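**Student:** Data: coords_29.cif, mmCIF, C-alpha atoms.
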```cif
data_work
loop_
_atom_site.label_atom_id
_atom_site.label_comp_id
_atom_site.auth_asym_id
_atom_site.auth_seq_id
_atom_site.Cartn_x
_atom_site.Cartn_y
_atom_site.Cartn_z
CA MET N 14 -36.26 79.83 -44.40
CA LYS N 15 -34.20 76.71 -43.79
CA LEU N 16 -31.13 78.76 -42.94
CA VAL N 17 -33.07 80.84 -40.42
CA SER N 18 -34.56 77.70 -38.90
CA MET N 19 -31.15 76.05 -38.66
CA ALA N 20 -29.58 79.11 -37.04
CA ALA N 21 -32.37 79.31 -34.50
CA SER N 22 -32.08 75.63 -33.64
CA ARG N 23 -28.32 76.01 -33.11
CA LEU N 24 -28.51 78.83 -30.58
CA PRO N 25 -28.98 76.73 -27.42
CA VAL N 26 -26.27 74.32 -28.55
CA ALA N 27 -23.91 77.23 -29.21
CA TRP N 28 -24.47 78.67 -25.73
CA ILE N 29 -23.91 75.25 -24.16
CA ALA N 30 -20.71 74.85 -26.18
CA VAL N 31 -19.45 78.24 -24.98
CA LEU N 32 -20.23 77.36 -21.36
CA VAL N 33 -18.46 74.02 -21.66
CA ALA N 34 -15.44 75.73 -23.23
CA VAL N 35 -15.29 78.34 -20.46
CA LEU N 36 -15.41 75.67 -17.77
CA TYR N 37 -12.84 73.57 -19.62
CA PHE N 38 -10.31 76.36 -20.10
CA ALA N 39 -10.81 77.40 -16.49
CA SER N 40 -9.52 74.04 -15.23
CA PRO N 41 -6.51 74.27 -12.87
CA VAL N 42 -4.06 72.75 -15.37
CA ALA N 43 -5.23 74.77 -18.37
CA ALA N 44 -5.15 77.93 -16.23
CA LYS N 45 -1.37 77.55 -15.92
CA LEU N 46 -0.97 78.00 -19.67
CA SER N 47 -0.61 81.41 -21.26
CA THR N 48 -0.11 82.88 -24.73
CA THR N 49 2.76 84.94 -23.24
CA TYR N 50 4.42 82.08 -21.36
CA TYR N 51 7.81 82.48 -23.12
CA GLN N 52 7.77 86.27 -23.37
CA LYS N 53 10.65 86.72 -20.92
CA ARG N 54 12.65 83.50 -21.19
CA CYS N 55 12.46 83.01 -24.97
CA PRO N 56 10.71 86.00 -26.58
CA LYS N 57 11.43 84.85 -30.15
CA ALA N 58 10.10 81.32 -29.61
CA GLU N 59 6.99 81.68 -31.77
CA GLN N 60 8.88 83.40 -34.58
CA ILE N 61 11.57 80.72 -34.57
CA VAL N 62 9.02 77.93 -34.85
CA SER N 63 7.13 79.78 -37.57
CA ASP N 64 10.28 80.41 -39.64
CA VAL N 65 11.43 76.79 -39.44
CA VAL N 66 8.11 75.13 -40.27
CA THR N 67 7.35 77.63 -43.03
CA SER N 68 10.65 76.77 -44.69
CA LYS N 69 9.95 73.05 -44.27
CA GLN N 70 6.47 73.39 -45.79
CA ILE N 71 7.83 75.27 -48.81
CA THR N 72 10.34 72.51 -49.55
CA THR N 73 8.03 69.63 -48.57
CA PRO N 74 4.34 70.55 -49.15
CA THR N 75 3.01 67.48 -47.30
CA THR N 76 4.45 68.75 -44.01
CA ALA N 77 1.40 70.78 -42.92
CA ALA N 78 -1.18 68.01 -43.22
CA GLY N 79 1.20 65.55 -41.59
CA THR N 80 1.87 67.85 -38.65
CA LEU N 81 -1.85 68.45 -38.10
CA ARG N 82 -2.40 64.69 -38.03
CA LEU N 83 0.57 64.27 -35.68
CA PHE N 84 -0.87 66.85 -33.30
CA PHE N 85 -4.29 65.17 -33.24
CA HIS N 86 -2.83 61.71 -32.64
CA ASP N 87 -0.59 63.04 -29.87
CA CYS N 88 -3.34 64.94 -28.06
CA PHE N 89 -5.99 62.26 -28.31
CA VAL N 90 -3.83 59.70 -26.52
CA GLY N 91 -3.09 60.92 -23.01
CA GLY N 92 -3.13 64.62 -23.86
CA CYS N 93 -0.98 67.14 -25.74
CA ASP N 94 2.37 66.14 -24.27
CA ALA N 95 4.62 65.16 -27.19
CA SER N 96 4.53 61.51 -26.09
CA LEU N 97 4.07 60.62 -29.77
CA LEU N 98 7.46 62.11 -30.65
CA ILE N 99 9.38 59.61 -28.52
CA SER N 100 11.30 56.89 -30.35
CA THR N 101 11.21 53.28 -29.26
CA ASN N 102 14.29 52.26 -27.26
CA ALA N 103 15.64 49.12 -25.63
CA PHE N 104 13.38 49.67 -22.62
CA ASN N 105 10.11 50.57 -24.32
CA ARG N 106 7.98 50.36 -27.49
CA ALA N 107 6.72 53.92 -27.91
CA GLU N 108 3.43 55.38 -29.21
CA ARG N 109 4.77 56.21 -32.65
CA ASP N 110 5.32 52.50 -33.33
CA SER N 111 1.75 51.47 -32.59
CA ASP N 112 -0.26 50.13 -35.53
CA ASP N 113 -2.41 53.29 -35.61
CA ASN N 114 0.62 55.59 -35.84
CA ILE N 115 3.02 53.64 -38.02
CA SER N 116 1.94 55.52 -41.16
CA LEU N 117 2.46 59.01 -39.71
CA PRO N 118 4.69 60.94 -42.13
CA GLY N 119 8.36 61.41 -41.33
CA ASP N 120 8.33 64.99 -42.64
CA ALA N 121 6.03 66.04 -39.80
CA PHE N 122 8.38 64.60 -37.18
CA ASP N 123 11.32 66.24 -38.97
CA ALA N 124 9.64 69.67 -38.89
CA ILE N 125 9.30 69.48 -35.09
CA VAL N 126 12.87 68.25 -34.64
CA ARG N 127 14.18 71.14 -36.74
CA ALA N 128 12.16 73.72 -34.84
CA LYS N 129 13.25 72.30 -31.48
CA THR N 130 16.91 72.32 -32.59
CA ALA N 131 16.66 75.99 -33.57
CA LEU N 132 15.06 76.81 -30.21
CA GLU N 133 17.74 74.96 -28.27
CA LEU N 134 20.38 77.10 -29.94
CA GLN N 135 18.53 80.28 -28.95
CA CYS N 136 16.98 79.29 -25.59
CA PRO N 137 18.34 75.94 -24.37
CA GLY N 138 16.10 73.95 -22.05
CA VAL N 139 13.19 76.41 -22.15
CA VAL N 140 10.59 75.47 -24.78
CA SER N 141 8.88 72.08 -24.58
CA CYS N 142 8.41 69.79 -27.57
CA ALA N 143 4.67 69.75 -26.80
CA ASP N 144 4.54 73.53 -27.25
CA VAL N 145 6.61 73.30 -30.44
CA LEU N 146 4.11 70.83 -31.90
CA ALA N 147 1.15 73.00 -30.92
CA LEU N 148 2.69 76.15 -32.43
CA ALA N 149 3.82 74.37 -35.59
CA THR N 150 0.31 72.99 -36.15
CA ARG N 151 -1.30 76.42 -35.77
CA ASP N 152 1.20 78.08 -38.11
CA LEU N 153 0.96 75.41 -40.80
CA VAL N 154 -2.86 75.39 -40.78
CA SER N 155 -2.76 79.16 -41.23
CA MET N 156 -0.17 78.85 -43.98
CA LEU N 157 -2.54 76.62 -45.97
CA GLY N 158 -5.26 79.27 -45.76
CA GLY N 159 -6.92 78.05 -42.58
CA PRO N 160 -7.79 80.06 -39.46
CA PHE N 161 -5.14 81.52 -37.16
CA PHE N 162 -6.01 80.60 -33.58
CA ASP N 163 -4.51 81.29 -30.18
CA VAL N 164 -2.10 78.73 -28.72
CA ARG N 165 -1.69 78.81 -24.96
CA LEU N 166 1.80 77.76 -23.93
CA GLY N 167 3.50 76.19 -20.95
CA ARG N 168 2.98 72.46 -21.60
CA LYS N 169 5.54 70.02 -20.28
CA ASP N 170 6.66 66.95 -22.19
CA ALA N 171 5.39 63.54 -21.14
CA LEU N 172 7.48 61.19 -19.01
CA ALA N 173 5.96 58.10 -20.64
CA SER N 174 5.07 56.84 -24.11
CA THR N 175 3.81 53.34 -24.82
CA ALA N 176 2.33 51.75 -27.92
CA ALA N 177 -0.23 49.94 -25.77
CA SER N 178 -1.76 53.25 -24.66
CA VAL N 179 -2.87 54.01 -28.22
CA VAL N 180 -5.16 51.01 -28.67
CA GLY N 181 -8.83 52.02 -28.75
CA ASN N 182 -8.16 55.72 -28.29
CA LEU N 183 -8.00 56.98 -31.88
CA PRO N 184 -10.76 57.17 -34.49
CA SER N 185 -10.22 54.76 -37.39
CA PRO N 186 -11.21 55.06 -41.08
CA ASN N 187 -13.95 52.44 -40.95
CA MET N 188 -15.70 53.44 -37.72
CA THR N 189 -19.47 53.84 -37.67
CA ILE N 190 -20.95 57.17 -36.62
CA ASP N 191 -21.87 55.73 -33.21
CA GLN N 192 -18.28 54.60 -32.68
CA LEU N 193 -16.94 58.00 -33.74
CA ILE N 194 -19.29 59.90 -31.45
CA SER N 195 -18.38 57.57 -28.59
CA ILE N 196 -14.61 57.93 -28.99
CA PHE N 197 -14.85 61.73 -29.14
CA ALA N 198 -17.29 61.84 -26.22
CA LYS N 199 -14.81 59.83 -24.16
CA GLN N 200 -12.45 62.80 -24.50
CA LYS N 201 -15.25 65.29 -23.71
CA PHE N 202 -15.80 66.48 -27.27
CA THR N 203 -19.31 67.19 -28.57
CA VAL N 204 -20.77 65.97 -31.86
CA GLN N 205 -20.37 69.46 -33.33
CA GLU N 206 -16.71 69.59 -32.27
CA MET N 207 -16.16 66.15 -33.79
CA VAL N 208 -17.54 67.30 -37.15
CA ALA N 209 -15.46 70.49 -37.01
CA LEU N 210 -12.24 68.61 -36.23
CA SER N 211 -13.01 66.14 -39.02
CA GLY N 212 -12.57 69.12 -41.34
CA ALA N 213 -8.83 68.57 -40.94
CA HIS N 214 -9.34 66.03 -43.74
CA THR N 215 -9.57 68.96 -46.12
CA VAL N 216 -5.80 68.48 -46.47
CA GLY N 217 -3.54 65.44 -46.56
CA PHE N 218 -3.95 61.97 -47.98
CA SER N 219 -4.90 58.43 -46.96
CA HIS N 220 -3.32 55.16 -48.05
CA CYS N 221 -5.44 52.88 -50.23
CA ASN N 222 -5.63 50.13 -47.62
CA GLU N 223 -7.62 52.53 -45.43
CA PHE N 224 -10.52 52.65 -47.88
CA ALA N 225 -9.97 49.58 -50.10
CA SER N 226 -13.05 47.85 -48.67
CA ARG N 227 -15.17 50.67 -50.13
CA ILE N 228 -13.88 50.37 -53.69
CA TYR N 229 -13.16 46.64 -54.14
CA GLY N 230 -15.65 43.84 -53.52
CA PHE N 231 -17.92 46.02 -51.43
CA ASN N 232 -20.14 43.98 -49.09
CA GLY N 233 -18.88 40.70 -50.56
CA GLY N 234 -19.73 41.67 -54.13
CA PRO N 235 -17.57 41.22 -57.25
CA ARG N 236 -14.11 42.76 -57.40
CA ASP N 237 -15.34 45.95 -59.08
CA ALA N 238 -18.25 46.50 -56.64
CA TYR N 239 -17.93 49.77 -54.74
CA ASP N 240 -19.80 51.55 -51.97
CA PRO N 241 -22.93 53.02 -53.64
CA SER N 242 -22.63 56.15 -51.48
CA LEU N 243 -19.53 57.05 -53.52
CA ASN N 244 -19.78 59.12 -56.69
CA PRO N 245 -19.40 56.46 -59.45
CA ARG N 246 -16.68 58.31 -61.38
CA PHE N 247 -14.81 58.97 -58.16
CA ALA N 248 -15.02 55.30 -57.13
CA GLN N 249 -13.81 54.11 -60.52
CA ALA N 250 -10.90 56.57 -60.47
CA LEU N 251 -9.90 55.32 -57.03
CA GLN N 252 -10.04 51.71 -58.27
CA LYS N 253 -7.56 52.58 -61.01
CA ALA N 254 -5.30 54.64 -58.74
CA CYS N 255 -5.14 51.93 -56.07
CA ALA N 256 -4.92 48.92 -58.40
CA ASN N 257 -1.50 47.85 -57.07
CA TYR N 258 -1.94 48.88 -53.43
CA VAL N 259 -1.40 45.32 -52.12
CA LYS N 260 2.06 45.17 -53.71
CA ASP N 261 2.79 48.83 -52.96
CA PRO N 262 1.16 49.89 -49.66
CA THR N 263 2.49 53.44 -50.05
CA ILE N 264 -0.06 54.26 -52.78
CA ALA N 265 -2.44 56.94 -51.49
CA ALA N 266 -5.17 59.37 -52.52
CA PHE N 267 -5.89 62.92 -51.45
CA ASN N 268 -8.52 63.27 -48.71
CA ASP N 269 -9.90 66.28 -50.59
CA VAL N 270 -9.74 65.56 -54.31
CA MET N 271 -10.75 69.13 -55.27
CA THR N 272 -8.38 71.40 -53.27
CA PRO N 273 -5.93 69.01 -51.57
CA GLY N 274 -3.36 71.64 -50.66
CA LYS N 275 -5.74 74.25 -49.26
CA PHE N 276 -7.36 74.38 -45.83
CA ASP N 277 -10.94 75.29 -46.68
CA ASN N 278 -14.49 73.96 -46.42
CA MET N 279 -14.29 71.90 -49.63
CA TYR N 280 -14.13 68.70 -47.56
CA TYR N 281 -17.74 69.20 -46.50
CA GLN N 282 -18.86 70.08 -50.02
CA ASN N 283 -17.19 66.88 -51.21
CA LEU N 284 -19.08 64.80 -48.66
CA LEU N 285 -22.40 66.03 -50.03
CA ARG N 286 -21.28 65.08 -53.57
CA GLY N 287 -20.26 61.51 -52.74
CA LEU N 288 -16.56 62.42 -52.74
CA GLY N 289 -15.75 61.43 -49.17
CA LEU N 290 -12.70 59.17 -49.21
CA LEU N 291 -13.03 57.29 -45.92
CA ALA N 292 -16.05 55.44 -44.59
CA SER N 293 -15.81 57.57 -41.44
CA ASP N 294 -16.07 60.69 -43.63
CA THR N 295 -19.17 59.48 -45.46
CA ALA N 296 -20.74 58.49 -42.14
CA LEU N 297 -21.00 62.18 -41.28
CA VAL N 298 -23.54 62.81 -44.06
CA ALA N 299 -25.53 59.64 -43.47
CA ASP N 300 -26.65 60.44 -39.92
CA PRO N 301 -29.18 63.11 -38.85
CA ARG N 302 -27.02 64.06 -35.86
CA THR N 303 -24.13 65.18 -38.05
CA LYS N 304 -25.52 65.91 -41.53
CA PRO N 305 -26.94 69.38 -40.66
CA ILE N 306 -23.51 70.42 -39.36
CA VAL N 307 -21.85 69.16 -42.55
CA GLU N 308 -24.38 71.12 -44.61
CA LEU N 309 -23.73 74.28 -42.59
CA TYR N 310 -19.95 74.06 -43.01
CA ALA N 311 -20.31 73.23 -46.71
CA THR N 312 -22.09 76.54 -47.31
CA ASN N 313 -20.43 78.69 -44.65
CA GLN N 314 -16.64 78.55 -44.42
CA THR N 315 -16.62 81.28 -41.77
CA ALA N 316 -18.73 79.09 -39.48
CA PHE N 317 -16.39 76.15 -40.09
CA PHE N 318 -13.26 78.20 -39.36
CA LYS N 319 -14.80 79.61 -36.18
CA ASP N 320 -15.89 76.20 -34.88
CA PHE N 321 -12.66 74.51 -35.94
CA SER N 322 -10.64 77.16 -34.09
CA HIS N 323 -12.66 76.65 -30.91
CA ALA N 324 -12.42 72.87 -31.16
CA ILE N 325 -8.69 72.74 -31.82
CA GLU N 326 -7.99 75.26 -29.05
CA LYS N 327 -9.91 72.96 -26.72
CA LEU N 328 -7.96 69.99 -28.06
CA SER N 329 -4.67 71.83 -27.58
CA VAL N 330 -5.11 72.02 -23.81
CA PHE N 331 -6.46 68.49 -23.44
CA GLY N 332 -4.53 66.44 -20.89
CA VAL N 333 -1.59 68.84 -20.76
CA LYS N 334 1.20 68.21 -18.24
CA THR N 335 2.52 71.02 -16.07
CA GLY N 336 4.91 71.31 -13.13
CA ARG N 337 6.55 68.06 -12.04
CA LYS N 338 4.19 65.94 -14.14
CA GLY N 339 6.45 66.53 -17.14
CA GLU N 340 9.82 67.79 -18.32
CA ILE N 341 11.39 70.01 -20.96
CA ARG N 342 13.11 67.51 -23.21
CA ARG N 343 16.49 68.31 -24.64
CA ARG N 344 15.57 66.21 -27.68
CA CYS N 345 12.01 65.58 -28.77
CA ASP N 346 12.57 61.93 -29.64
CA GLU N 347 13.96 60.81 -26.29
CA PHE N 348 13.34 61.35 -22.59
CA ASN N 349 15.99 63.23 -20.64
CA ASN N 350 16.36 60.06 -18.60
CA LEU N 351 16.96 57.35 -21.21
CA SER N 352 15.80 54.54 -18.95
CA THR N 353 12.29 55.99 -18.83
#
```
What do you get writing this file as C-alpha cells?

**Tutor:**
Amino acid sequence: MKLVSMAASRLPVAWIAVLVAVLYFASPVAAKLSTTYYQKRCPKAEQIVSDVVTSKQITTPTTAAGTLRLFFHDCFVGGCDASLLISTNAFNRAERDSDDNISLPGDAFDAIVRAKTALELQCPGVVSCADVLALATRDLVSMLGGPFFDVRLGRKDALASTAASVVGNLPSPNMTIDQLISIFAKQKFTVQEMVALSGAHTVGFSHCNEFASRIYGFNGGPRDAYDPSLNPRFAQALQKACANYVKDPTIAAFNDVMTPGKFDNMYYQNLLRGLGLLASDTALVADPRTKPIVELYATNQTAFFKDFSHAIEKLSVFGVKTGRKGEIRRRCDEFNNLST
C-alpha cells in the first residue's frame, strides 16, 4: 500500500520534472548541441575517448569516481566548459587550485589529457575538452555498472577560469539540507534531482578531514564521541581508520563501504542503515523532503538509474558555451591564448 501511495504522490512531480527538462533542453544554447555533432569531422571521437578512459580505469580503478567528481565540479561552477581543467599560470589562479577543488584526483585529469591527446592525433582542433570530459564521465559511469545515457556534443571550452568563481558554488560535506537544497536550486535543480545526483557517492572516497567532526568529539563531547546517527560499529571503524589523519591528510574512506567500486543503489541503502559517510549524505535521510526519495532509490535501482540519467543529462548541458563564447583548446590545461 505504501508503494502505491508513494507512486501516486510522485506522478505530478514527475510530470513537472519532464516539463522542466523539455523546456531546459529546448533552450537556444542547448539546442545547438547534438549527439551526432562530430559524425562528419571526427566520426571516431566517441570510440577514441571510450578506449582511452577504459584503459585508464583498468590500470587505475579510482579514475571513474574521480572523473565523475571532476565533471560535477566543472559543470556546477559556470557550466560544463572545462574551465576546471585549466592550470594556474603567471597571469591567473585557476579553478582547480581553489580550496574546494584542491583534493580532486590527478588520475581524473590525466584521463582527460590522454583522451584529448589521442583525439588531437586523429582530428586536430575539432573536439573540445568539455566534450571529452562529458563523454569520459558517461563511459566510466557505465563501465562501473551504472546507466548509459546520451551525451549531446558541441560544447566549447571556456575562455576564463578563476579560483574566486568557485567560492559558494559547490556543495560541501557539512552542509545542512536547507543549504544543499538552496545551492542546487540556484542552478535550477529540483530536490529530486539533487538526491539523484547525490547517488554519485556510490563510488569514490572522501578524506578523513571531510567527516572528522562526525567521528571525533562530536558536538563538543569527548574525543571518542561520534554522531549518534552513525551506525556505532561503522563510526568506531572510521575512528580507527582515520586515527592519524591530522599527520597524514591523504587518509580516506570509501563513500560506499559495501560496494565501493560499483555504481549501484547501495549508497541509498547505506544511508538508511546509518552508513552515510558525510554529514551532507546523512542529511538526506533526516528530512521529510528528501527521505522518501532516498527510500525509493534504496529499493528500486531502476528508478535511481532513470532519475540519475535525466539529472546528469540536464547537468551536462548546464551553462555550456557555443560559438564565439568559447574555443576548442589545443591542450586541456591551458587556453590557446596564454595571456588569458

**Student:** Check what the PyMOL selection byres ((chain N and resi 197) around 10) selects in the file above and give those residues as a compact mmCIF listing (two decimals) with C-alpha atoms, in the frame of the given file.

**Tutor:**
```
# COMPACT_ATOMS: atom_id res chain seq x y z
CA PHE N 89 -5.99 62.26 -28.31
CA ASN N 182 -8.16 55.72 -28.29
CA LEU N 183 -8.00 56.98 -31.88
CA PRO N 184 -10.76 57.17 -34.49
CA GLN N 192 -18.28 54.60 -32.68
CA LEU N 193 -16.94 58.00 -33.74
CA ILE N 194 -19.29 59.90 -31.45
CA SER N 195 -18.38 57.57 -28.59
CA ILE N 196 -14.61 57.93 -28.99
CA ALA N 198 -17.29 61.84 -26.22
CA LYS N 199 -14.81 59.83 -24.16
CA GLN N 200 -12.45 62.80 -24.50
CA LYS N 201 -15.25 65.29 -23.71
CA PHE N 202 -15.80 66.48 -27.27
CA THR N 203 -19.31 67.19 -28.57
CA VAL N 204 -20.77 65.97 -31.86
CA GLU N 206 -16.71 69.59 -32.27
CA MET N 207 -16.16 66.15 -33.79
```

**Student:** Pull out every residue that the PyMOL selection byres ((chain N and resi 132) around 12) matches in the shown coordinates and put them as a ChimeraX atom specification.

**Tutor:** /N:51,54-65,125-131,133-142,144-145,342-345

**Student:** Just write the chosen residues, C-alpha atoms, as a PDB file, in the coordinates of the input.

**Tutor:**
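Output below, filename part-v7.pdb:
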```pdb
ATOM      1  CA  TYR N  51       7.810  82.480 -23.120  1.00  0.00           C
ATOM      2  CA  ARG N  54      12.650  83.500 -21.190  1.00  0.00           C
ATOM      3  CA  CYS N  55      12.460  83.010 -24.970  1.00  0.00           C
ATOM      4  CA  PRO N  56      10.710  86.000 -26.580  1.00  0.00           C
ATOM      5  CA  LYS N  57      11.430  84.850 -30.150  1.00  0.00           C
ATOM      6  CA  ALA N  58      10.100  81.320 -29.610  1.00  0.00           C
ATOM      7  CA  GLU N  59       6.990  81.680 -31.770  1.00  0.00           C
ATOM      8  CA  GLN N  60       8.880  83.400 -34.580  1.00  0.00           C
ATOM      9  CA  ILE N  61      11.570  80.720 -34.570  1.00  0.00           C
ATOM     10  CA  VAL N  62       9.020  77.930 -34.850  1.00  0.00           C
ATOM     11  CA  SER N  63       7.130  79.780 -37.570  1.00  0.00           C
ATOM     12  CA  ASP N  64      10.280  80.410 -39.640  1.00  0.00           C
ATOM     13  CA  VAL N  65      11.430  76.790 -39.440  1.00  0.00           C
ATOM     14  CA  ILE N 125       9.300  69.480 -35.090  1.00  0.00           C
ATOM     15  CA  VAL N 126      12.870  68.250 -34.640  1.00  0.00           C
ATOM     16  CA  ARG N 127      14.180  71.140 -36.740  1.00  0.00           C
ATOM     17  CA  ALA N 128      12.160  73.720 -34.840  1.00  0.00           C
ATOM     18  CA  LYS N 129      13.250  72.300 -31.480  1.00  0.00           C
ATOM     19  CA  THR N 130      16.910  72.320 -32.590  1.00  0.00           C
ATOM     20  CA  ALA N 131      16.660  75.990 -33.570  1.00  0.00           C
ATOM     21  CA  GLU N 133      17.740  74.960 -28.270  1.00  0.00           C
ATOM     22  CA  LEU N 134      20.380  77.100 -29.940  1.00  0.00           C
ATOM     23  CA  GLN N 135      18.530  80.280 -28.950  1.00  0.00           C
ATOM     24  CA  CYS N 136      16.980  79.290 -25.590  1.00  0.00           C
ATOM     25  CA  PRO N 137      18.340  75.940 -24.370  1.00  0.00           C
ATOM     26  CA  GLY N 138      16.100  73.950 -22.050  1.00  0.00           C
ATOM     27  CA  VAL N 139      13.190  76.410 -22.150  1.00  0.00           C
ATOM     28  CA  VAL N 140      10.590  75.470 -24.780  1.00  0.00           C
ATOM     29  CA  SER N 141       8.880  72.080 -24.580  1.00  0.00           C
ATOM     30  CA  CYS N 142       8.410  69.790 -27.570  1.00  0.00           C
ATOM     31  CA  ASP N 144       4.540  73.530 -27.250  1.00  0.00           C
ATOM     32  CA  VAL N 145       6.610  73.300 -30.440  1.00  0.00           C
ATOM     33  CA  ARG N 342      13.110  67.510 -23.210  1.00  0.00           C
ATOM     34  CA  ARG N 343      16.490  68.310 -24.640  1.00  0.00           C
ATOM     35  CA  ARG N 344      15.570  66.210 -27.680  1.00  0.00           C
ATOM     36  CA  CYS N 345      12.010  65.580 -28.770  1.00  0.00           C
TER      37      CYS N 345
END
```

**Student:** Find the spatial neighbours of Gly336 of chain N, counting only C-alpha atoms, within a cut-off of 8 Å - ignore same-chain residues fewer than 3 positions away - and output them as a list in words.

**Tutor:**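 Neighbouring residues, sequence-local ones excluded: Lys169, Gly339 and Glu340 of chain N.
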
**Student:** Between N:Ser100, N:Asn268, N:Ser293, N:Asn114, which is the closest to Thr189 of chain N once you count only C-alpha atoms?

**Tutor:**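 The closest residue to Thr189 of chain N is N:Ser293.
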
**Student:** At what distance in Å, to one decimal, does atom CA of Gln252 of chain N lie from atom CA of Asp237 of chain N?

**Tutor:**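 Going from atom CA of Asp237 of chain N over to atom CA of Gln252 of chain N, I get 7.9 Å.
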
**Student:** I need the residue set behind the PyMOL selection byres ((chain N and resi 107) around 12) for this file; please write it as a PyMOL selection string.

**Tutor:** chain N and resi 87+95-106+108-115+171-179+346-348+353

**Student:** One number please: atom CA of Met271 of chain N to atom CA of Gly158 of chain N, in Å, one decimal.

**Tutor:**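 Separation of atom CA of Met271 of chain N and atom CA of Gly158 of chain N: 14.9 Å.
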
**Student:** Select from segment 44-147 of chain N every residue with an atom at most 7 Å from any atom of segment 323-332 of chain N, then for each give the shortest pair of atoms and their distance in Å to one decimal, using only C-alpha atoms, rows by chain and rising number, as JSON lines.

**Tutor:**
```
{"residue": "N:Cys88", "atom": "CA", "partner": "N:Phe331", "partner_atom": "CA", "distance": 6.6}
{"residue": "N:Gly91", "atom": "CA", "partner": "N:Gly332", "partner_atom": "CA", "distance": 6.1}
{"residue": "N:Gly92", "atom": "CA", "partner": "N:Gly332", "partner_atom": "CA", "distance": 3.8}
{"residue": "N:Cys93", "atom": "CA", "partner": "N:Gly332", "partner_atom": "CA", "distance": 6.1}
{"residue": "N:Ala147", "atom": "CA", "partner": "N:Ser329", "partner_atom": "CA", "distance": 6.8}
```

**Student:** Using all atoms listed in the file, find all polymer residues with an atom at most 7 Å away from the point (-14.3, 49.0, -52.8); report them as number ranges by chain.

**Tutor:** N: 225-231, 238-240

**Student:** For the residues in the current selection, export C-alpha atoms as a PDB file, in the coordinates of the input.

**Tutor:**
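Written output follows (out_5.pdb):
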```
ATOM      1  CA  ALA N 225      -9.970  49.580 -50.100  1.00  0.00           C
ATOM      2  CA  SER N 226     -13.050  47.850 -48.670  1.00  0.00           C
ATOM      3  CA  ARG N 227     -15.170  50.670 -50.130  1.00  0.00           C
ATOM      4  CA  ILE N 228     -13.880  50.370 -53.690  1.00  0.00           C
ATOM      5  CA  TYR N 229     -13.160  46.640 -54.140  1.00  0.00           C
ATOM      6  CA  GLY N 230     -15.650  43.840 -53.520  1.00  0.00           C
ATOM      7  CA  PHE N 231     -17.920  46.020 -51.430  1.00  0.00           C
ATOM      8  CA  ALA N 238     -18.250  46.500 -56.640  1.00  0.00           C
ATOM      9  CA  TYR N 239     -17.930  49.770 -54.740  1.00  0.00           C
ATOM     10  CA  ASP N 240     -19.800  51.550 -51.970  1.00  0.00           C
TER      11      ASP N 240
END
```

**Student:** Box for segment 193-201 of chain N - axis-aligned, 5 Å on each of the six sides, all listed atoms - centre and size in Å to one decimal, as AutoDock Vina command-line options.

**Tutor:**
```
--center_x -15.9 --center_y 61.4 --center_z -28.7 --size_x 16.8 --size_y 17.7 --size_z 20.0
```

**Student:** Between N:Gly274, N:Pro118, N:Pro245, N:Pro160, which residue has the minimum interatomic distance to Thr315 of chain N, considering only C-alpha atoms?

**Tutor:**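 Closest to Thr315 of chain N, using only C-alpha atoms: N:Pro160.
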
**Student:** Do you have the atom CA of Arg286 of chain N-atom CA of Leu243 of chain N distance handy?

**Tutor:**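 It comes out at 8.2 Å.
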
**Student:** Here is a test: counting only C-alpha atoms, which residue of N:Asn257, N:Gln314, N:Thr75, N:Asn244 is nearest to Asn278 of chain N?

**Tutor:**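 Residue with the minimum atom-to-atom distance to Asn278 of chain N: N:Gln314.
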
**Student:** Restore N, CA and C atoms in segment 312-323 of chain N and list the result as an mmCIF file, in the coordinates of the input.

**Tutor:**
```
data_model
loop_
_atom_site.group_PDB
_atom_site.id
_atom_site.type_symbol
_atom_site.label_atom_id
_atom_site.label_comp_id
_atom_site.auth_asym_id
_atom_site.auth_seq_id
_atom_site.Cartn_x
_atom_site.Cartn_y
_atom_site.Cartn_z
ATOM 1 N N THR N 312 -21.616 75.273 -46.744
ATOM 2 C CA THR N 312 -22.090 76.540 -47.310
ATOM 3 C C THR N 312 -21.533 77.769 -46.598
ATOM 4 N N ASN N 313 -20.891 77.560 -45.461
ATOM 5 C CA ASN N 313 -20.430 78.690 -44.650
ATOM 6 C C ASN N 313 -19.035 78.409 -44.089
ATOM 7 N N GLN N 314 -18.018 78.792 -44.840
ATOM 8 C CA GLN N 314 -16.640 78.550 -44.420
ATOM 9 C C GLN N 314 -16.288 79.309 -43.145
ATOM 10 N N THR N 315 -16.870 80.484 -42.979
ATOM 11 C CA THR N 315 -16.620 81.280 -41.770
ATOM 12 C C THR N 315 -17.065 80.521 -40.526
ATOM 13 N N ALA N 316 -18.229 79.886 -40.604
ATOM 14 C CA ALA N 316 -18.730 79.090 -39.480
ATOM 15 C C ALA N 316 -17.805 77.916 -39.199
ATOM 16 N N PHE N 317 -17.327 77.271 -40.255
ATOM 17 C CA PHE N 317 -16.390 76.150 -40.090
ATOM 18 C C PHE N 317 -15.101 76.620 -39.421
ATOM 19 N N PHE N 318 -14.520 77.699 -39.923
ATOM 20 C CA PHE N 318 -13.260 78.200 -39.360
ATOM 21 C C PHE N 318 -13.432 78.570 -37.876
ATOM 22 N N LYS N 319 -14.545 79.204 -37.560
ATOM 23 C CA LYS N 319 -14.800 79.610 -36.180
ATOM 24 C C LYS N 319 -14.913 78.378 -35.274
ATOM 25 N N ASP N 320 -15.691 77.399 -35.707
ATOM 26 C CA ASP N 320 -15.890 76.200 -34.880
ATOM 27 C C ASP N 320 -14.642 75.339 -34.833
ATOM 28 N N PHE N 321 -13.908 75.269 -35.932
ATOM 29 C CA PHE N 321 -12.660 74.510 -35.940
ATOM 30 C C PHE N 321 -11.660 75.135 -34.975
ATOM 31 N N SER N 322 -11.563 76.461 -34.995
ATOM 32 C CA SER N 322 -10.640 77.160 -34.090
ATOM 33 C C SER N 322 -10.966 76.860 -32.635
ATOM 34 N N HIS N 323 -12.256 76.946 -32.283
ATOM 35 C CA HIS N 323 -12.660 76.650 -30.910
ATOM 36 C C HIS N 323 -12.354 75.221 -30.531
#
```
